[in-house]
>>> print(open('upload31.txt').read())   # compact mmCIF, C-alpha atoms
# COMPACT_ATOMS: atom_id res chain seq x y z
CA MET Q 1 5.75 -81.38 4.89
CA ASN Q 2 5.04 -78.10 6.74
CA ALA Q 3 6.24 -77.39 10.30
CA SER Q 4 2.99 -78.31 12.10
CA ASN Q 5 2.65 -81.53 10.09
CA THR Q 6 6.28 -82.41 10.85
CA THR Q 7 5.75 -81.92 14.59
CA GLU Q 8 2.54 -83.95 14.49
CA TYR Q 9 4.23 -86.76 12.53
CA THR Q 10 7.29 -86.93 14.81
CA LEU Q 11 5.19 -86.87 17.99
CA ALA Q 12 3.11 -89.74 16.57
CA LEU Q 13 6.29 -91.76 15.91
CA GLY Q 14 7.44 -91.06 19.47
CA SER Q 15 4.20 -92.01 21.21
CA GLN Q 16 3.85 -95.18 19.09
CA ALA Q 17 7.43 -96.19 19.90
CA LYS Q 18 6.89 -95.56 23.63
CA ALA Q 19 3.76 -97.76 23.65
CA ALA Q 20 5.56 -100.49 21.68
CA SER Q 21 8.60 -100.37 24.00
CA ALA Q 22 6.46 -101.46 26.98
CA LEU Q 23 5.28 -104.51 25.02
CA MET Q 24 8.82 -105.30 23.81
CA ALA Q 25 10.24 -105.07 27.34
CA ARG Q 26 7.99 -107.91 28.51
CA ALA Q 27 8.13 -109.99 25.31
CA PRO Q 28 9.50 -113.51 25.94
CA ALA Q 29 12.82 -114.44 24.36
CA ALA Q 30 11.14 -117.07 22.14
CA MET Q 31 8.91 -114.42 20.55
CA LYS Q 32 11.81 -112.03 19.84
CA ASN Q 33 13.88 -114.88 18.39
CA ARG Q 34 10.93 -115.94 16.20
CA ALA Q 35 10.79 -112.41 14.76
CA LEU Q 36 14.53 -112.48 14.02
CA ARG Q 37 14.33 -115.88 12.33
CA ARG Q 38 11.32 -114.71 10.27
CA LEU Q 39 13.25 -111.60 9.25
CA THR Q 40 16.13 -113.87 8.15
CA GLU Q 41 13.72 -115.77 5.88
CA LEU Q 42 12.14 -112.61 4.47
CA LEU Q 43 15.52 -111.11 3.57
CA ARG Q 44 16.48 -114.27 1.67
CA GLU Q 45 13.08 -114.59 -0.03
CA ASN Q 46 13.06 -110.93 -1.14
CA THR Q 47 16.66 -110.52 -2.32
CA GLU Q 48 15.63 -109.79 -5.93
CA ALA Q 49 12.76 -107.47 -5.01
CA LEU Q 50 15.00 -105.51 -2.63
CA GLN Q 51 17.54 -104.98 -5.41
CA VAL Q 52 14.80 -103.42 -7.57
CA ASP Q 53 14.10 -100.82 -4.87
CA ASN Q 54 17.82 -100.38 -4.27
CA ALA Q 55 18.38 -99.72 -7.99
CA LYS Q 56 16.13 -96.62 -7.71
CA ASP Q 57 18.39 -95.18 -5.00
CA ILE Q 58 21.54 -95.99 -6.98
CA GLU Q 59 20.15 -94.47 -10.17
CA ARG Q 60 19.20 -91.29 -8.30
CA ALA Q 61 22.59 -91.12 -6.55
CA VAL Q 62 24.49 -91.42 -9.86
CA ALA Q 63 22.24 -88.75 -11.46
CA ASN Q 64 22.92 -86.44 -8.49
CA GLY Q 65 26.69 -86.86 -8.96
CA LEU Q 66 27.37 -88.79 -5.74
CA SER Q 67 30.99 -90.02 -5.56
CA ALA Q 68 31.75 -93.63 -6.51
CA PRO Q 69 32.58 -94.71 -2.90
CA MET Q 70 29.29 -93.21 -1.69
CA VAL Q 71 27.33 -94.99 -4.43
CA ASP Q 72 29.13 -98.21 -3.49
CA ARG Q 73 27.94 -97.85 0.12
CA LEU Q 74 24.34 -97.72 -1.09
CA LYS Q 75 24.43 -101.11 -2.80
CA LEU Q 76 22.31 -103.95 -1.43
CA THR Q 77 24.08 -106.76 -3.27
CA PRO Q 78 23.02 -110.40 -2.63
CA LYS Q 79 26.20 -110.70 -0.52
CA VAL Q 80 25.28 -107.66 1.64
CA LEU Q 81 21.74 -108.98 2.12
CA GLU Q 82 23.01 -112.46 3.03
CA THR Q 83 25.32 -110.87 5.65
CA CYS Q 84 22.26 -109.07 7.08
CA ALA Q 85 20.32 -112.35 7.16
CA GLU Q 86 23.19 -114.17 8.88
CA GLY Q 87 23.42 -111.38 11.47
CA CYS Q 88 19.72 -111.84 12.34
CA GLU Q 89 20.22 -115.61 12.52
CA GLN Q 90 23.18 -115.23 14.89
CA LEU Q 91 21.29 -112.82 17.14
CA ALA Q 92 18.38 -115.26 17.37
CA ALA Q 93 20.80 -117.97 18.51
CA MET Q 94 22.37 -115.80 21.23
CA ALA Q 95 21.32 -115.95 24.88
CA ASP Q 96 18.75 -113.39 25.99
CA VAL Q 97 20.25 -111.02 28.58
CA ILE Q 98 17.00 -109.19 29.41
CA GLY Q 99 15.84 -109.92 32.95
CA GLU Q 100 19.21 -111.41 33.92
CA ILE Q 101 20.09 -110.66 37.58
CA ILE Q 102 23.75 -110.21 38.50
CA GLY Q 103 25.75 -109.58 41.66
CA MET Q 104 23.03 -110.66 44.12
CA LYS Q 105 24.47 -110.30 47.66
CA GLN Q 106 23.04 -110.75 51.11
CA GLN Q 107 23.32 -107.63 53.31
CA PRO Q 108 23.66 -107.54 57.14
CA SER Q 109 20.05 -106.30 57.32
CA GLY Q 110 18.83 -109.52 55.71
CA ILE Q 111 17.87 -108.02 52.33
CA ARG Q 112 19.48 -109.32 49.15
CA VAL Q 113 20.61 -106.70 46.62
CA GLY Q 114 21.52 -107.23 42.94
CA GLN Q 115 21.10 -105.70 39.50
CA MET Q 116 18.74 -106.66 36.68
CA ARG Q 117 19.45 -106.01 33.01
CA VAL Q 118 16.57 -104.17 31.31
CA PRO Q 119 15.99 -102.55 27.91
CA ILE Q 120 16.77 -98.83 27.54
CA GLY Q 121 13.27 -98.22 26.12
CA VAL Q 122 13.24 -96.22 22.88
CA PHE Q 123 16.30 -95.30 20.87
CA GLY Q 124 16.45 -93.08 17.83
CA MET Q 125 19.07 -93.83 15.19
CA ILE Q 126 20.11 -91.34 12.56
CA PHE Q 127 22.40 -92.74 9.90
CA GLU Q 128 23.74 -92.03 6.43
CA SER Q 129 24.37 -94.05 3.28
CA ARG Q 130 24.39 -97.75 4.08
CA PRO Q 131 20.82 -99.16 4.00
CA ASN Q 132 21.95 -102.41 5.67
CA VAL Q 133 22.14 -100.36 8.91
CA THR Q 134 18.31 -100.50 8.91
CA ILE Q 135 18.52 -104.27 9.47
CA GLU Q 136 21.43 -104.09 11.94
CA ALA Q 137 19.60 -101.51 14.09
CA ALA Q 138 16.23 -103.24 13.84
CA SER Q 139 17.58 -106.69 14.71
CA LEU Q 140 19.55 -105.43 17.72
CA SER Q 141 16.52 -103.46 18.87
CA ILE Q 142 14.29 -106.56 18.71
CA LYS Q 143 16.81 -108.79 20.53
CA SER Q 144 17.37 -106.21 23.30
CA GLY Q 145 13.62 -105.70 23.85
CA ASN Q 146 13.63 -102.03 22.82
CA ALA Q 147 11.64 -99.99 20.33
CA CYS Q 148 13.46 -97.80 17.82
CA ILE Q 149 12.86 -94.96 15.38
CA LEU Q 150 15.21 -95.08 12.39
CA ARG Q 151 16.05 -92.15 10.15
CA GLY Q 152 18.25 -93.17 7.21
CA GLY Q 153 19.84 -90.92 4.63
CA SER Q 154 17.65 -89.44 1.89
CA GLU Q 155 19.91 -91.12 -0.69
CA ALA Q 156 18.73 -94.58 0.49
CA ILE Q 157 15.03 -93.85 1.12
CA ASP Q 158 13.58 -96.50 -1.25
CA SER Q 159 15.90 -99.25 0.04
CA ASN Q 160 15.24 -98.32 3.67
CA LYS Q 161 11.45 -98.31 3.17
CA ALA Q 162 11.55 -101.77 1.57
CA LEU Q 163 13.72 -103.18 4.37
CA ALA Q 164 11.63 -101.58 7.14
CA LYS Q 165 8.49 -103.11 5.61
CA LEU Q 166 10.02 -106.58 5.96
CA VAL Q 167 11.00 -105.87 9.57
CA GLN Q 168 7.43 -104.84 10.43
CA GLN Q 169 6.07 -107.93 8.66
CA ALA Q 170 8.37 -110.16 10.74
CA LEU Q 171 7.28 -108.41 13.96
CA THR Q 172 3.55 -108.70 13.18
CA GLU Q 173 3.78 -112.36 12.13
CA SER Q 174 5.61 -113.14 15.38
CA GLY Q 175 3.01 -111.49 17.61
CA LEU Q 176 5.06 -108.36 18.38
CA PRO Q 177 3.99 -104.73 17.78
CA SER Q 178 4.89 -103.45 14.29
CA ASP Q 179 5.62 -100.02 15.85
CA ALA Q 180 8.60 -101.54 17.69
CA VAL Q 181 10.66 -100.59 14.61
CA GLN Q 182 9.57 -97.45 12.74
CA LEU Q 183 11.34 -95.84 9.82
CA VAL Q 184 10.93 -92.11 9.25
CA GLN Q 185 9.13 -92.11 5.89
CA THR Q 186 10.05 -88.55 4.89
CA THR Q 187 13.39 -87.02 3.89
CA ASP Q 188 12.43 -83.73 5.59
CA ARG Q 189 15.43 -82.74 7.75
CA GLU Q 190 13.16 -81.02 10.27
CA VAL Q 191 12.14 -84.46 11.56
CA VAL Q 192 15.71 -85.03 12.81
CA GLY Q 193 15.60 -81.80 14.81
CA GLN Q 194 12.31 -82.90 16.40
CA LEU Q 195 13.41 -86.48 17.04
CA ILE Q 196 16.51 -85.48 19.02
CA ALA Q 197 14.47 -83.12 21.21
CA MET Q 198 11.77 -85.51 22.52
CA PRO Q 199 12.98 -86.77 25.92
CA GLN Q 200 9.38 -87.69 26.79
CA PHE Q 201 9.51 -90.42 24.13
CA VAL Q 202 13.15 -91.06 23.16
CA ASP Q 203 15.67 -92.34 25.74
CA VAL Q 204 18.87 -92.18 23.66
CA ILE Q 205 19.98 -91.07 20.19
CA ILE Q 206 22.63 -92.91 18.17
CA PRO Q 207 24.04 -91.01 15.18
CA ARG Q 208 26.07 -93.02 12.66
CA GLY Q 209 27.66 -91.11 9.81
CA GLY Q 210 30.09 -88.32 9.02
CA LYS Q 211 31.63 -85.98 11.58
CA GLY Q 212 29.29 -83.11 10.55
CA LEU Q 213 26.18 -85.15 11.30
CA ILE Q 214 27.48 -86.36 14.66
CA GLU Q 215 28.61 -82.87 15.74
CA ARG Q 216 25.19 -81.44 14.87
CA ILE Q 217 23.30 -84.17 16.75
CA SER Q 218 25.59 -83.86 19.80
CA ARG Q 219 25.16 -80.07 19.85
CA ASP Q 220 21.37 -79.94 19.44
CA ALA Q 221 20.11 -83.12 21.14
CA LYS Q 222 18.02 -82.84 24.31
CA VAL Q 223 18.39 -86.56 25.01
CA PRO Q 224 21.61 -88.55 25.70
CA VAL Q 225 23.74 -89.38 22.62
CA ILE Q 226 25.95 -92.46 22.06
CA LYS Q 227 28.56 -91.29 19.57
CA HIS Q 228 32.03 -91.31 18.14
CA LEU Q 229 33.39 -88.41 16.13
CA ASP Q 230 36.71 -89.74 14.85
CA GLY Q 231 38.64 -92.95 14.40
CA ASN Q 232 42.22 -91.72 14.78
CA CYS Q 233 43.65 -95.13 15.78
CA HIS Q 234 47.32 -95.90 16.51
CA THR Q 235 49.63 -98.88 16.30
CA TYR Q 236 52.74 -98.63 18.51
CA VAL Q 237 55.70 -100.88 17.63
CA ASP Q 238 57.57 -101.43 20.90
CA ASP Q 239 61.17 -102.28 21.76
CA PRO Q 240 61.34 -105.27 22.12
CA CYS Q 241 58.94 -106.83 19.58
CA ASP Q 242 58.68 -109.60 17.01
CA ILE Q 243 59.63 -107.58 13.92
CA ALA Q 244 58.04 -109.95 11.37
CA MET Q 245 54.78 -109.98 13.31
CA ALA Q 246 54.88 -106.20 13.72
CA VAL Q 247 55.22 -105.73 9.93
CA LYS Q 248 52.30 -108.11 9.29
CA VAL Q 249 50.01 -106.42 11.84
CA ALA Q 250 50.94 -102.82 10.96
CA ASP Q 251 50.28 -103.65 7.29
CA ASN Q 252 46.84 -105.12 8.03
CA ALA Q 253 45.89 -102.34 10.45
CA LYS Q 254 46.49 -99.71 7.76
CA THR Q 255 45.86 -101.34 4.38
CA HIS Q 256 43.21 -104.05 4.95
CA LYS Q 257 40.63 -101.32 4.25
CA TYR Q 258 41.22 -97.58 4.32
CA SER Q 259 37.72 -96.24 4.98
CA PRO Q 260 36.63 -97.84 8.31
CA CYS Q 261 36.97 -95.99 11.60
CA ASN Q 262 39.16 -98.78 13.04
CA ALA Q 263 41.93 -98.49 10.42
CA THR Q 264 45.26 -97.33 11.89
CA GLU Q 265 46.07 -93.70 11.03
CA GLY Q 266 49.16 -93.21 13.20
CA LEU Q 267 52.21 -95.49 13.42
CA LEU Q 268 54.49 -94.98 16.43
CA VAL Q 269 57.84 -96.80 16.47
CA ALA Q 270 60.24 -97.20 19.39
CA ARG Q 271 63.69 -95.78 18.62
CA GLY Q 272 65.38 -99.09 19.50
CA VAL Q 273 63.68 -100.97 16.62
CA ALA Q 274 63.10 -98.10 14.15
CA ALA Q 275 66.19 -98.76 11.99
CA GLU Q 276 65.15 -102.40 11.50
CA PHE Q 277 61.35 -102.06 11.36
CA LEU Q 278 60.74 -98.89 9.35
CA PRO Q 279 62.48 -99.93 6.09
CA LEU Q 280 60.44 -103.18 6.10
CA ILE Q 281 57.02 -101.57 6.68
CA GLY Q 282 58.07 -98.68 4.45
CA LYS Q 283 58.56 -101.10 1.54
CA VAL Q 284 55.12 -102.69 2.18
CA TYR Q 285 53.44 -99.28 2.26
CA ALA Q 286 55.38 -98.07 -0.78
CA ASP Q 287 54.24 -101.09 -2.80
CA LYS Q 288 50.62 -100.34 -1.85
CA GLY Q 289 50.85 -96.62 -2.59
CA VAL Q 290 50.52 -95.46 1.02
CA GLU Q 291 51.87 -91.96 1.68
CA MET Q 292 53.92 -91.67 4.92
CA ARG Q 293 53.89 -88.34 6.78
CA CYS Q 294 56.82 -88.49 9.15
CA ASP Q 295 58.72 -86.70 11.87
CA ALA Q 296 62.37 -85.89 11.00
CA GLU Q 297 63.74 -89.11 12.51
CA GLY Q 298 61.27 -91.34 10.69
CA ARG Q 299 61.74 -89.50 7.41
CA ALA Q 300 65.55 -89.92 7.56
CA ILE Q 301 65.09 -93.72 7.68
CA LEU Q 302 62.19 -94.02 5.22
CA GLU Q 303 63.58 -91.80 2.46
CA SER Q 304 65.98 -94.56 1.44
CA VAL Q 305 63.09 -96.99 0.72
CA ALA Q 306 62.62 -97.43 -3.03
CA GLY Q 307 59.35 -95.92 -4.29
CA ALA Q 308 58.29 -94.60 -0.87
CA LYS Q 309 56.04 -91.52 -0.77
CA VAL Q 310 57.49 -89.70 2.22
CA ASN Q 311 56.56 -86.20 3.42
CA ASP Q 312 57.01 -84.11 6.55
CA ALA Q 313 54.23 -84.42 9.13
CA THR Q 314 52.61 -81.26 10.48
CA GLU Q 315 51.16 -80.96 13.99
CA GLN Q 316 47.69 -81.51 12.46
CA ASP Q 317 48.79 -84.88 11.04
CA TRP Q 318 49.01 -86.34 14.55
CA TYR Q 319 45.28 -85.60 15.00
CA GLU Q 320 44.16 -86.66 11.50
CA GLU Q 321 41.70 -89.41 10.58
CA TYR Q 322 42.71 -89.89 6.92
CA LEU Q 323 40.34 -92.71 5.81
CA ALA Q 324 42.77 -92.92 2.89
CA PRO Q 325 46.13 -94.51 1.94
CA ILE Q 326 48.03 -92.07 4.20
CA VAL Q 327 49.66 -92.81 7.56
CA SER Q 328 51.48 -90.58 10.04
CA VAL Q 329 54.78 -92.01 11.34
CA LYS Q 330 56.66 -90.94 14.46
CA VAL Q 331 59.71 -92.36 16.19
CA VAL Q 332 59.32 -92.30 19.98
CA ALA Q 333 61.72 -93.00 22.84
CA GLY Q 334 59.64 -95.91 24.15
CA VAL Q 335 56.39 -96.91 25.81
CA ASP Q 336 56.09 -93.76 27.97
CA GLU Q 337 56.24 -91.41 25.00
CA ALA Q 338 53.93 -93.66 22.96
CA ILE Q 339 51.24 -93.64 25.69
CA ALA Q 340 51.57 -89.86 26.14
CA HIS Q 341 51.30 -89.26 22.37
CA ILE Q 342 48.22 -91.49 22.03
CA ASN Q 343 46.42 -89.94 25.01
CA GLN Q 344 47.09 -86.47 23.60
CA TYR Q 345 46.31 -86.97 19.90
CA SER Q 346 44.11 -90.05 19.48
CA SER Q 347 40.30 -89.98 19.29
CA HIS Q 348 40.21 -92.66 22.03
CA HIS Q 349 38.73 -95.22 19.62
CA THR Q 350 41.26 -98.08 19.25
CA ASP Q 351 44.98 -98.24 19.92
CA ALA Q 352 47.38 -101.20 19.80
CA ILE Q 353 50.85 -102.13 21.08
CA LEU Q 354 53.02 -104.73 19.33
CA THR Q 355 55.48 -106.03 21.92
CA THR Q 356 57.15 -109.04 23.52
CA ASN Q 357 57.49 -107.23 26.87
CA HIS Q 358 54.71 -108.25 29.27
CA VAL Q 359 55.19 -105.25 31.58
CA HIS Q 360 54.96 -102.81 28.63
CA ALA Q 361 51.81 -104.58 27.41
CA GLN Q 362 50.15 -104.33 30.84
CA ARG Q 363 51.07 -100.65 31.18
CA PHE Q 364 49.66 -99.92 27.71
CA LEU Q 365 46.38 -101.69 28.57
CA ARG Q 366 46.02 -99.79 31.86
CA GLU Q 367 47.19 -96.34 30.81
CA VAL Q 368 45.91 -95.80 27.24
CA ASP Q 369 42.55 -94.05 27.58
CA SER Q 370 40.69 -95.56 24.62
CA ALA Q 371 37.49 -97.57 24.06
CA SER Q 372 39.50 -100.57 22.75
CA VAL Q 373 43.13 -101.24 23.67
CA MET Q 374 44.95 -104.14 22.03
CA VAL Q 375 48.13 -106.16 22.43
CA ASN Q 376 49.69 -107.82 19.36
CA ALA Q 377 46.56 -107.51 17.18
CA SER Q 378 45.35 -105.33 14.32
CA THR Q 379 43.13 -102.36 15.18
CA ARG Q 380 40.81 -103.63 12.41
CA PHE Q 381 39.41 -106.12 14.96
CA ALA Q 382 37.55 -103.30 16.78
CA ASP Q 383 34.15 -104.41 15.56
CA GLY Q 384 31.02 -105.85 17.20
CA PHE Q 385 30.98 -108.95 15.02
CA GLU Q 386 34.69 -109.68 15.68
CA TYR Q 387 34.13 -109.15 19.43
CA GLY Q 388 31.40 -111.79 19.45
CA LEU Q 389 28.56 -109.32 20.02
CA GLY Q 390 26.61 -110.73 17.05
CA ALA Q 391 26.27 -107.27 15.53
CA GLU Q 392 26.88 -103.68 16.50
CA ILE Q 393 24.86 -100.53 16.26
CA GLY Q 394 28.00 -98.39 16.19
CA ILE Q 395 31.21 -97.77 18.12
CA SER Q 396 31.18 -95.40 21.06
CA THR Q 397 34.14 -93.29 22.20
CA ASP Q 398 32.06 -91.86 25.05
CA LYS Q 399 32.72 -93.12 28.56
CA PHE Q 400 29.01 -93.24 29.46
CA HIS Q 401 26.87 -95.22 29.01
CA ALA Q 402 28.41 -97.55 26.42
CA ARG Q 403 32.05 -97.63 25.29
CA GLY Q 404 33.51 -99.43 22.27
CA PRO Q 405 31.35 -101.52 19.91
CA VAL Q 406 27.71 -101.21 21.02
CA GLY Q 407 25.88 -104.54 20.87
CA ILE Q 408 22.88 -105.90 22.80
CA GLU Q 409 24.26 -104.98 26.24
CA GLY Q 410 24.97 -101.43 25.06
CA LEU Q 411 21.23 -101.07 24.39
CA THR Q 412 20.34 -102.08 27.94
CA SER Q 413 20.57 -100.59 31.40
CA LEU Q 414 20.91 -102.04 34.89
CA LYS Q 415 18.43 -101.40 37.68
CA TYR Q 416 18.82 -102.44 41.30
CA VAL Q 417 16.54 -105.16 42.61
CA VAL Q 418 16.09 -105.83 46.32
CA LEU Q 419 14.61 -109.08 47.68
CA GLY Q 420 13.39 -109.21 51.27
CA GLU Q 421 11.30 -111.23 53.67
CA GLY Q 422 9.62 -108.44 55.62
CA GLU Q 423 12.80 -106.63 56.72
CA VAL Q 424 12.39 -103.05 58.02
CA ARG Q 425 15.16 -100.51 58.41
CA LYS Q 426 16.24 -99.93 62.00
>>> encode(input="upload31.txt", output="C-alpha cells")
Amino acid sequence: MNASNTTEYTLALGSQAKAASALMARAPAAMKNRALRRLTELLRENTEALQVDNAKDIERAVANGLSAPMVDRLKLTPKVLETCAEGCEQLAAMADVIGEIIGMKQQPSGIRVGQMRVPIGVFGMIFESRPNVTIEAASLSIKSGNACILRGGSEAIDSNKALAKLVQQALTESGLPSDAVQLVQTTDREVVGQLIAMPQFVDVIIPRGGKGLIERISRDAKVPVIKHLDGNCHTYVDDPCDIAMAVKVADNAKTHKYSPCNATEGLLVARGVAAEFLPLIGKVYADKGVEMRCDAEGRAILESVAGAKVNDATEQDWYEEYLAPIVSVKVVAGVDEAIAHINQYSSHHTDAILTTNHVHAQRFLREVDSASVMVNASTRFADGFEYGLGAEIGISTDKFHARGPVGIEGLTSLKYVVLGEGEVRK
C-alpha cells in the first residue's frame, strides 16, 4: 500500500468509526447485549473454522522462527475461544452503565447538578500477538457504547480477520452498525502512524504489547494514550506477619505464571522476620528453579538454602521486570523503607503488603503510589476479570484518565448534567 492509499484508507476507517460511534452511543442496552450474546454463539459455532485460520498464522510464525512462547500466544485453542465466549456472555449479563446519573445535588440557586456516564467515542487499539484480544476489545467496546479501530500484530492477521468478521456479523444481525468494530486489514506499519495522529476521529489510543511498542505510541501519538510500560510489582513481607501465609502468597505472586505483568518481581522482607521467612521461601523458589538476586543481608541468609540460585543484586535489578523465574530480594528495616523503595523503583502497577498489623496495612494502602495496592493477597489478582470487571482492555499505570485494569467504566467519561425549572443566574 503506497503512502496516499494508506492515508486514504486510515481516514476512511476514522470517519466510519466516528459515524458508528454516534449510533452506538444511543443504542439501547438490549441491542448491545443481543450483539454480545450473538457473538458468544458465533464463537462457539465457528471454533473449528477459526482454528483453520489460526493454523495459517501458526505455520507462518514457526517458518519465520518465532520463539516458542510467542507461537504459544498465537494459539486459538478451543479453551481460549470458550474463554472469549464466556467473557462476552458475562458482559451481556452485566448492568449497563451508559446514561447512569450520579451525585445529583440540589444547589442554593434551585438547579440540580450531577454527572452522567457516557461513552468515550472512538478508541484505537494497537496490540501484538494474542488474537483473543480482538474479541476482548470488541466486546468491551460494544458494551460501553463506543466504536473502535483494532490493529493486531501482523503475525496474527488471519486469525484477527476471521474473528473480526464474526464481530461484524453479530453487530449487523443485532441492528447495530458493522463499522462499530473495524479491524485494520493491512499489515502496513504506516497505518499505525496515521491512526495515532487522527484526533478528529480517534479519542484515545490503547497500546497493548511490548515496551518498545508502547514507548513508540506514547512518543508519537497526537491523541491521549492509556498505557503501562512495565509491571515491576513488589510483595513486602512485614514484621509482624503470618509467616505460613506469607510463604504461600509470595510463592503464588512469583511462580503462578512468570510472564504476566502482575507477577511479583521484587520481594522486600522486614528485618524482624527475615531470618525465619527467607529460608522458607528460599526453599520454595529453589525447588522451582527461581534465581534470587539479593542485597548482602538477604544473600547471607539465603546462601545456606540447599539448591538455591543466589546472586548479588545490582542497582538495575531493583527496577527490573524479569518476566522470568528471577526475583530480586531485599531486606528492609520495616514499612517506611519498604514504601520508600517501592515508590522509587516500582512501575506503579501492583504492590502488596503481607502483614498482621492494621496500622501498617493502612499506611501501605495510603502511601504506596501504584494503580493497585493490596493487603494479604497475591499481586496476580491485578486483573479485570478477578476484579469483577467482566473483562479488561489492558492495565493502566497512568493517573489519568483510567488507572489499574481498564474495563467498561475505563472506556467511558463523565459529563455534567444540570436540571432546572427556569432558574436564571442572579
>>> closest_residue(input="upload31.txt", among="Q:Ala17, Q:Ala49, Q:Ala156, Q:Ile101", to="Phe201 (chain Q)", atoms="all atoms listed in the file")
Q:Ala17
>>> closest_residue(input="upload31.txt", among="Q:Asp242, Q:Asp72, Q:Asp96, Q:Asp317", to="Arg130 (chain Q)", atoms="all atoms listed in the file")
Q:Asp72
>>> atom_distance(input="upload31.txt", atom1="CA of Ile126 (chain Q)", atom2="CA of Arg151 (chain Q)")
4.8 Å
>>> atom_distance(input="upload31.txt", atom1="CA of Asn357 (chain Q)", atom2="CA of Ser378 (chain Q)")
17.6 Å
>>> residues_around(input="upload31.txt", residues="Glu173 (chain Q)", least_positions_apart="6", cutoff="10 Å", atoms="all atoms listed in the file", output="MDAnalysis selection string")
chainID Q and resid 34:35 38:39
>>> atom_distance(input="upload31.txt", atom1="CA of Pro108 (chain Q)", atom2="CA of Tyr416 (chain Q)")
17.3 Å
>>> residues_around(input="upload31.txt", residues="His348 (chain Q)", least_positions_apart="2", cutoff="10 Å", atoms="all atoms listed in the file", output="number ranges by chain")
Q: 228-234, 342-346, 350-351, 368-373, 396-399, 404
>>> closest_residue(input="upload31.txt", among="Q:Val331, Q:Ile395, Q:Val284, Q:Ile217", to="Glu297 (chain Q)", atoms="only C-alpha atoms")
Q:Val331
>>> build_atoms(input="upload31.txt", residues="region 335-353 of chain Q", atoms="N, CA and C atoms", output="compact mmCIF listing (two decimals), in the frame of the given file")
# COMPACT_ATOMS: atom_id res chain seq x y z
N VAL Q 335 57.79 -96.76 25.45
CA VAL Q 335 56.39 -96.91 25.81
C VAL Q 335 55.81 -95.67 26.49
N ASP Q 336 56.59 -94.97 27.30
CA ASP Q 336 56.09 -93.76 27.97
C ASP Q 336 55.66 -92.70 26.96
N GLU Q 337 56.54 -92.44 26.00
CA GLU Q 337 56.24 -91.41 25.00
C GLU Q 337 55.08 -91.85 24.10
N ALA Q 338 55.02 -93.15 23.80
CA ALA Q 338 53.93 -93.66 22.96
C ALA Q 338 52.58 -93.45 23.65
N ILE Q 339 52.49 -93.80 24.93
CA ILE Q 339 51.24 -93.64 25.69
C ILE Q 339 50.86 -92.16 25.76
N ALA Q 340 51.85 -91.30 26.04
CA ALA Q 340 51.57 -89.86 26.14
C ALA Q 340 51.07 -89.31 24.81
N HIS Q 341 51.70 -89.73 23.70
CA HIS Q 341 51.30 -89.26 22.37
C HIS Q 341 49.86 -89.70 22.06
N ILE Q 342 49.56 -90.97 22.33
CA ILE Q 342 48.22 -91.49 22.03
C ILE Q 342 47.16 -90.77 22.86
N ASN Q 343 47.41 -90.61 24.16
CA ASN Q 343 46.42 -89.94 25.01
C ASN Q 343 46.21 -88.48 24.63
N GLN Q 344 47.24 -87.86 24.02
CA GLN Q 344 47.09 -86.47 23.60
C GLN Q 344 46.38 -86.34 22.25
N TYR Q 345 46.76 -87.18 21.28
CA TYR Q 345 46.31 -86.97 19.90
C TYR Q 345 45.21 -87.91 19.41
N SER Q 346 45.06 -89.08 20.03
CA SER Q 346 44.11 -90.05 19.48
C SER Q 346 42.68 -89.61 19.75
N SER Q 347 41.72 -90.26 19.06
CA SER Q 347 40.30 -89.98 19.29
C SER Q 347 39.72 -90.96 20.30
N HIS Q 348 40.61 -91.73 20.97
CA HIS Q 348 40.21 -92.66 22.03
C HIS Q 348 39.28 -93.76 21.51
N HIS Q 349 39.52 -94.16 20.26
CA HIS Q 349 38.73 -95.22 19.62
C HIS Q 349 39.42 -96.56 19.86
N THR Q 350 40.54 -96.81 19.15
CA THR Q 350 41.26 -98.08 19.25
C THR Q 350 42.75 -97.84 19.08
N ASP Q 351 43.53 -98.39 20.00
CA ASP Q 351 44.98 -98.24 19.92
C ASP Q 351 45.64 -99.55 20.32
N ALA Q 352 46.75 -99.90 19.61
CA ALA Q 352 47.38 -101.20 19.80
C ALA Q 352 48.87 -101.08 20.07
N ILE Q 353 49.40 -102.01 20.86
CA ILE Q 353 50.85 -102.13 21.08
C ILE Q 353 51.29 -103.48 20.53
